[in-house]
$ cat input18.txt   # compact mmCIF, C-alpha atoms
# COMPACT_ATOMS: atom_id res chain seq x y z
CA MET W 8 235.67 38.72 101.63
CA ARG W 9 232.38 39.05 103.49
CA LEU W 10 229.36 39.87 101.32
CA GLY W 11 226.14 41.03 102.96
CA VAL W 12 222.74 40.29 101.39
CA ALA W 13 219.85 42.39 102.74
CA GLY W 14 216.30 43.17 101.69
CA PRO W 15 212.66 42.87 102.72
CA VAL W 16 210.94 39.60 103.59
CA GLY W 17 210.19 37.42 100.57
CA THR W 18 212.39 39.14 98.02
CA GLY W 19 214.35 35.94 97.39
CA LYS W 20 217.57 36.49 99.34
CA SER W 21 218.03 32.80 100.13
CA SER W 22 217.27 31.76 96.55
CA LEU W 23 219.77 34.36 95.29
CA ILE W 24 222.42 32.92 97.62
CA ALA W 25 221.62 29.41 96.39
CA THR W 26 222.05 30.64 92.82
CA LEU W 27 225.43 32.19 93.69
CA CYS W 28 226.60 29.02 95.40
CA ARG W 29 225.61 26.82 92.46
CA ALA W 30 227.44 29.10 90.04
CA LEU W 31 230.60 29.72 92.09
CA ALA W 32 231.18 26.66 94.28
CA ASP W 33 233.48 25.00 91.76
CA GLU W 34 235.83 28.00 91.60
CA LEU W 35 235.59 29.67 95.02
CA ARG W 36 235.81 28.42 98.60
CA LEU W 37 232.47 29.54 100.05
CA GLY W 38 230.67 29.79 103.37
CA VAL W 39 227.20 31.10 104.22
CA ILE W 40 225.84 32.65 107.42
CA THR W 41 222.05 33.08 107.59
CA ASN W 42 220.09 35.28 110.00
CA ASP W 43 216.55 34.61 111.24
CA ILE W 44 214.89 36.01 114.33
CA TYR W 45 213.74 32.79 115.98
CA THR W 46 214.48 29.95 113.55
CA ASP W 47 217.14 28.48 111.28
CA GLU W 48 214.69 28.29 108.37
CA ASP W 49 216.94 29.93 105.76
CA ALA W 50 219.91 27.74 106.68
CA ARG W 51 217.73 24.63 106.41
CA PHE W 52 216.47 25.76 103.00
CA LEU W 53 220.01 26.19 101.69
CA LYS W 54 221.19 22.91 103.16
CA SER W 55 218.26 21.05 101.61
CA ALA W 56 219.06 22.66 98.25
CA GLY W 57 222.44 20.91 98.29
CA VAL W 58 224.34 23.98 97.12
CA LEU W 59 227.23 23.54 99.61
CA ASP W 60 228.53 21.15 102.22
CA PRO W 61 225.91 21.59 104.98
CA GLU W 62 228.64 22.42 107.50
CA ARG W 63 229.49 25.49 105.43
CA ILE W 64 225.98 26.90 106.01
CA ARG W 65 225.42 28.14 109.54
CA PRO W 66 222.49 29.99 111.13
CA VAL W 67 222.44 32.91 113.52
CA GLU W 68 219.23 33.41 115.47
CA THR W 69 219.12 37.13 116.19
CA GLY W 70 216.24 37.08 118.67
CA ALA W 71 215.53 40.72 117.81
CA CYS W 72 215.07 43.10 114.88
CA PRO W 73 216.97 41.57 111.94
CA HIS W 74 219.11 44.68 111.48
CA THR W 75 220.29 44.50 115.10
CA ALA W 76 222.71 41.67 114.33
CA ILE W 77 223.97 43.13 111.04
CA ARG W 78 224.44 46.72 112.15
CA ASP W 79 223.95 47.54 115.83
CA ASP W 80 225.81 44.66 117.49
CA VAL W 81 227.46 42.45 114.89
CA THR W 82 229.18 40.16 117.40
CA ALA W 83 227.13 37.03 116.69
CA ASN W 84 227.74 37.25 112.94
CA LEU W 85 231.42 38.06 113.38
CA LEU W 86 231.89 35.03 115.61
CA ALA W 87 229.99 32.80 113.16
CA ALA W 88 232.14 34.01 110.26
CA GLU W 89 235.35 33.58 112.26
CA ASP W 90 234.33 30.06 113.30
CA MET W 91 233.62 29.22 109.67
CA GLU W 92 237.04 30.50 108.65
CA ALA W 93 238.72 28.56 111.46
CA ASP W 94 236.99 25.33 110.43
CA PHE W 95 237.26 25.61 106.65
CA GLY W 96 239.70 28.42 105.89
CA PRO W 97 241.12 29.87 103.97
CA LEU W 98 237.83 30.87 102.36
CA ASP W 99 237.38 33.17 99.38
CA LEU W 100 233.90 34.40 100.21
CA VAL W 101 231.53 34.30 103.18
CA ILE W 102 227.98 35.38 102.31
CA ILE W 103 226.00 36.79 105.24
CA GLU W 104 222.24 36.91 104.76
CA SER W 105 220.22 39.35 106.82
CA GLY W 106 216.87 38.37 108.18
CA GLY W 107 214.03 39.85 106.15
CA ASP W 108 213.70 43.52 107.04
CA ASN W 109 212.38 46.78 105.66
CA LEU W 110 213.87 49.28 103.21
CA THR W 111 216.13 50.82 105.85
CA ALA W 112 218.29 47.75 106.58
CA THR W 113 222.03 48.05 105.94
CA PHE W 114 225.12 46.17 107.11
CA SER W 115 227.83 47.69 109.25
CA PRO W 116 231.13 47.97 107.37
CA ALA W 117 232.64 46.39 110.48
CA LEU W 118 230.90 43.17 109.41
CA VAL W 119 230.97 43.08 105.59
CA ASP W 120 233.32 44.27 102.87
CA ALA W 121 230.53 44.73 100.31
CA GLN W 122 226.76 44.51 100.41
CA LEU W 123 223.90 44.06 98.00
CA PHE W 124 220.25 44.92 98.51
CA VAL W 125 217.46 42.76 97.07
CA LEU W 126 214.03 43.86 95.86
CA ASP W 127 211.61 41.78 93.81
CA VAL W 128 209.11 42.67 91.14
CA ALA W 129 206.30 40.92 93.03
CA GLY W 130 206.62 43.64 95.68
CA GLY W 131 205.52 46.23 93.11
CA GLY W 132 207.29 48.33 90.54
CA ASP W 133 207.05 51.45 92.69
CA VAL W 134 209.13 50.05 95.56
CA VAL W 135 212.39 51.06 93.93
CA ARG W 136 211.24 54.70 93.93
CA LYS W 137 210.68 54.68 97.69
CA GLY W 138 214.40 54.90 98.31
CA GLY W 139 216.26 54.22 101.52
CA PRO W 140 219.95 53.64 102.21
CA GLY W 141 220.00 50.07 100.92
CA ILE W 142 218.39 50.92 97.59
CA ALA W 143 220.39 54.10 97.11
CA ARG W 144 223.83 53.23 98.43
CA ALA W 145 224.44 49.48 98.71
CA ASP W 146 227.26 48.30 96.45
CA LEU W 147 224.72 46.52 94.24
CA LEU W 148 220.93 46.60 93.88
CA VAL W 149 219.34 43.36 92.67
CA ILE W 150 215.82 43.47 91.24
CA ASN W 151 214.84 39.83 91.63
CA LYS W 152 212.22 37.48 90.14
CA THR W 153 212.01 39.38 86.88
CA ASP W 154 210.25 36.40 85.27
CA LEU W 155 207.21 37.27 87.41
CA GLY W 156 206.88 40.77 85.98
CA GLU W 157 204.28 39.89 83.35
CA HIS W 158 202.20 38.05 85.94
CA VAL W 159 202.07 40.91 88.46
CA GLY W 160 201.77 43.80 86.02
CA VAL W 161 205.25 45.23 86.55
CA ASP W 162 207.32 46.79 83.78
CA VAL W 163 210.70 45.26 84.63
CA GLU W 164 212.64 47.50 82.26
CA ARG W 165 211.13 50.59 83.82
CA MET W 166 211.76 49.31 87.35
CA THR W 167 215.39 48.62 86.48
CA ARG W 168 215.79 52.04 84.87
CA GLU W 169 214.30 53.76 87.90
CA GLY W 170 216.61 51.74 90.11
CA ARG W 171 219.61 53.10 88.24
CA GLU W 172 218.18 56.61 88.51
CA ALA W 173 217.67 56.20 92.26
CA ARG W 174 221.28 55.02 92.56
CA ARG W 175 222.67 57.68 90.22
CA GLY W 176 224.21 55.09 87.95
CA SER W 177 225.52 52.65 90.58
CA PRO W 178 225.16 48.99 89.58
CA VAL W 179 221.76 47.32 89.23
CA VAL W 180 221.19 43.71 88.18
CA ALA W 181 217.75 42.54 87.02
CA LEU W 182 217.82 38.87 88.01
CA SER W 183 215.86 35.72 87.37
CA ARG W 184 217.21 32.35 88.47
CA HIS W 185 215.78 31.02 85.19
CA ASP W 186 217.79 33.49 83.08
CA GLU W 187 221.43 32.49 82.62
CA ALA W 188 222.43 35.89 81.24
CA SER W 189 221.25 37.65 84.41
CA ILE W 190 223.02 35.08 86.58
CA ARG W 191 226.24 35.78 84.69
CA MET W 192 225.79 39.49 85.40
CA LEU W 193 225.43 38.78 89.12
CA THR W 194 228.35 36.37 89.33
CA GLY W 195 230.46 38.72 87.23
CA TRP W 196 229.84 41.50 89.73
CA VAL W 197 230.82 39.19 92.60
CA ARG W 198 234.04 38.17 90.83
CA GLU W 199 234.94 41.79 90.09
CA THR W 200 234.25 42.85 93.67
CA LEU W 201 236.32 39.95 95.01
CA ALA W 202 239.18 40.91 92.69
CA ARG W 203 239.10 44.47 94.07
CA TYR W 204 239.04 43.11 97.60
CA ARG W 205 242.12 40.98 96.94
CA THR W 206 244.06 43.97 95.65
CA GLY W 207 242.92 46.21 98.50
CA GLU W 208 240.77 48.38 96.25
CA GLN W 209 237.41 47.35 97.75
CA THR W 210 236.64 49.69 100.64
CA PRO W 211 233.69 48.87 102.91
CA VAL W 212 231.18 51.69 102.62
CA ASP W 213 228.58 52.58 105.23
CA PRO W 214 225.34 53.17 103.28
CA GLY W 215 224.17 55.45 106.07
CA PRO W 216 222.39 55.28 109.42
CA MET W 217 219.11 53.51 109.82
CA ALA W 218 216.14 55.75 109.09
CA PRO W 219 213.54 56.13 111.87
CA HIS W 220 211.25 53.12 111.74
CA PHE W 221 208.33 51.54 113.54
CA HIS W 222 208.13 48.28 115.48
CA THR W 223 204.88 46.66 116.58
CA GLY W 224 204.97 45.90 120.28
CA GLN W 225 205.37 42.29 121.38
CA ASP W 226 204.19 40.59 124.58
CA GLY W 227 202.10 43.56 125.59
CA GLU W 228 204.75 46.20 124.88
CA GLU W 229 203.66 49.49 123.39
CA PRO W 230 204.64 50.04 119.72
CA HIS W 231 207.59 52.38 119.38
CA THR W 232 209.51 54.29 116.76
CA HIS W 233 213.28 54.64 116.93
CA THR W 234 216.47 55.02 114.96
CA HIS W 235 219.65 52.96 114.89
CA GLY W 236 223.23 54.13 114.60
CA GLN W 237 222.67 57.59 116.09
CA ASP W 238 221.10 56.57 119.40
CA PRO W 239 223.80 55.64 121.96
CA ALA W 240 221.58 52.80 123.14
CA HIS W 241 222.02 51.20 119.70
CA ALA W 242 225.63 52.17 119.07
CA GLY W 243 227.47 49.59 117.00
CA GLN W 244 230.57 47.98 118.44
CA SER W 245 233.23 47.45 115.82
CA ALA W 246 235.68 44.59 116.24
CA TRP W 247 238.22 46.75 114.41
CA PRO W 248 238.75 50.23 115.89
CA ASP W 249 239.81 51.65 112.54
CA ARG W 250 236.61 50.50 110.80
CA PRO W 251 233.41 52.48 111.43
CA ALA W 252 230.46 50.79 113.10

$ encode --input "input18.txt" --output "structure tokens"
Amino acid sequence: MRLGVAGPVGTGKSSLIATLCRALADELRLGVITNDIYTDEDARFLKSAGVLDPERIRPVETGACPHTAIRDDVTANLLAAEDMEADFGPLDLVIIESGGDNLTATFSPALVDAQLFVLDVAGGGDVVRKGGPGIARADLLVINKTDLGEHVGVDVERMTREGREARRGSPVVALSRHDEASIRMLTGWVRETLARYRTGEQTPVDPGPMAPHFHTGQDGEEPHTHTHGQDPAHAGQSAWPDRPA
């Protein structure tokens, strides 16, 4: 199964993946694909953490908007995942981490079988109310770094409740890597999702097209606003014709 992990910059995606690897490496055969625009920083962080054999952690440098490689043209991530499977397969779970993006980022169901979206309390308790396809329709919403709530003036219980309201009851996990009970909730969700995948009950769901968003111009380019998924210039190319891009 391929599990996508998306969310804004600094929400703790890499740390969450490290936590998953520590908890599950003894029972599942794992691989990790990280995405950064110009570096392999996240892959180096995970390798230095010693959570997996370093060869099972591989970077993809997208060279463009982080969501480009997880939604618009998923080829680089598909090839990385297939190479991982060829080298170490059979694998139980390949975790694909998006580069840090905004609230609109979602994975193509041509790339992942399930996806979670990560927010953190340090980003503010109101972020969960701002919505977006990742918050509203990813398979799981993780509200991360809950141990920081008291230090940044965020009511974690309220933020979690509002997350469930925004998702109309779909799963939400309030997570701290220092709280074993919350880690068990996260790993329990992963195990349950993997069990559904193995029985054919886990269907990849497209959380919806990218919302219009703004990019600051680089190298003298003018800033521009555009959408993804509806514009033919950004049409996703699915490696499986029967799975939507």

$ closest_residue --input "input18.txt" --among "W:Pro97, W:Tyr204, W:Leu27, W:Ala76" --to "Leu182 in chain W" --atoms "all atoms listed in the file"
W:Leu27

$ closest_residue --input "input18.txt" --among "W:Gly14, W:Gly57, W:Gly141, W:Gly130" --to "Cys28 in chain W" --atoms "only C-alpha atoms"
W:Gly57

$ closest_residue --input "input18.txt" --among "W:Ala13, W:Leu23, W:Val159, W:Val197" --to "Pro140 in chain W" --atoms "only C-alpha atoms"
W:Ala13

$ closest_residue --input "input18.txt" --among "W:Leu110, W:Ala88, W:Val135, W:Ile142" --to "Gln122 in chain W" --atoms "only C-alpha atoms"
W:Ile142

$ residues_around --input "input18.txt" --residues "Thr41 in chain W" --least-positions-apart "2" --cutoff "6 Å" --atoms "all atoms listed in the file" --output "PDB file with C-alpha atoms, in the frame of the given file"
ATOM      1  CA  ALA W  50     219.910  27.740 106.680  1.00  0.00           C
ATOM      2  CA  PRO W  66     222.490  29.990 111.130  1.00  0.00           C
ATOM      3  CA  VAL W  67     222.440  32.910 113.520  1.00  0.00           C
ATOM      4  CA  ILE W 103     226.000  36.790 105.240  1.00  0.00           C
ATOM      5  CA  GLU W 104     222.240  36.910 104.760  1.00  0.00           C
TER       6      GLU W 104
END

$ closest_residue --input "input18.txt" --among "W:Asn151, W:Thr194, W:Thr200, W:Thr210" --to "Glu34 in chain W" --atoms "all atoms listed in the file"
W:Thr194

$ closest_residue --input "input18.txt" --among "W:Ala71, W:Ala145, W:Ala188, W:Leu100" --to "Ala202 in chain W" --atoms "only C-alpha atoms"
W:Leu100

$ atom_distance --input "input18.txt" --atom1 "CA of Pro73 in chain W" --atom2 "CA of Asp43 in chain W"
7.0 Å
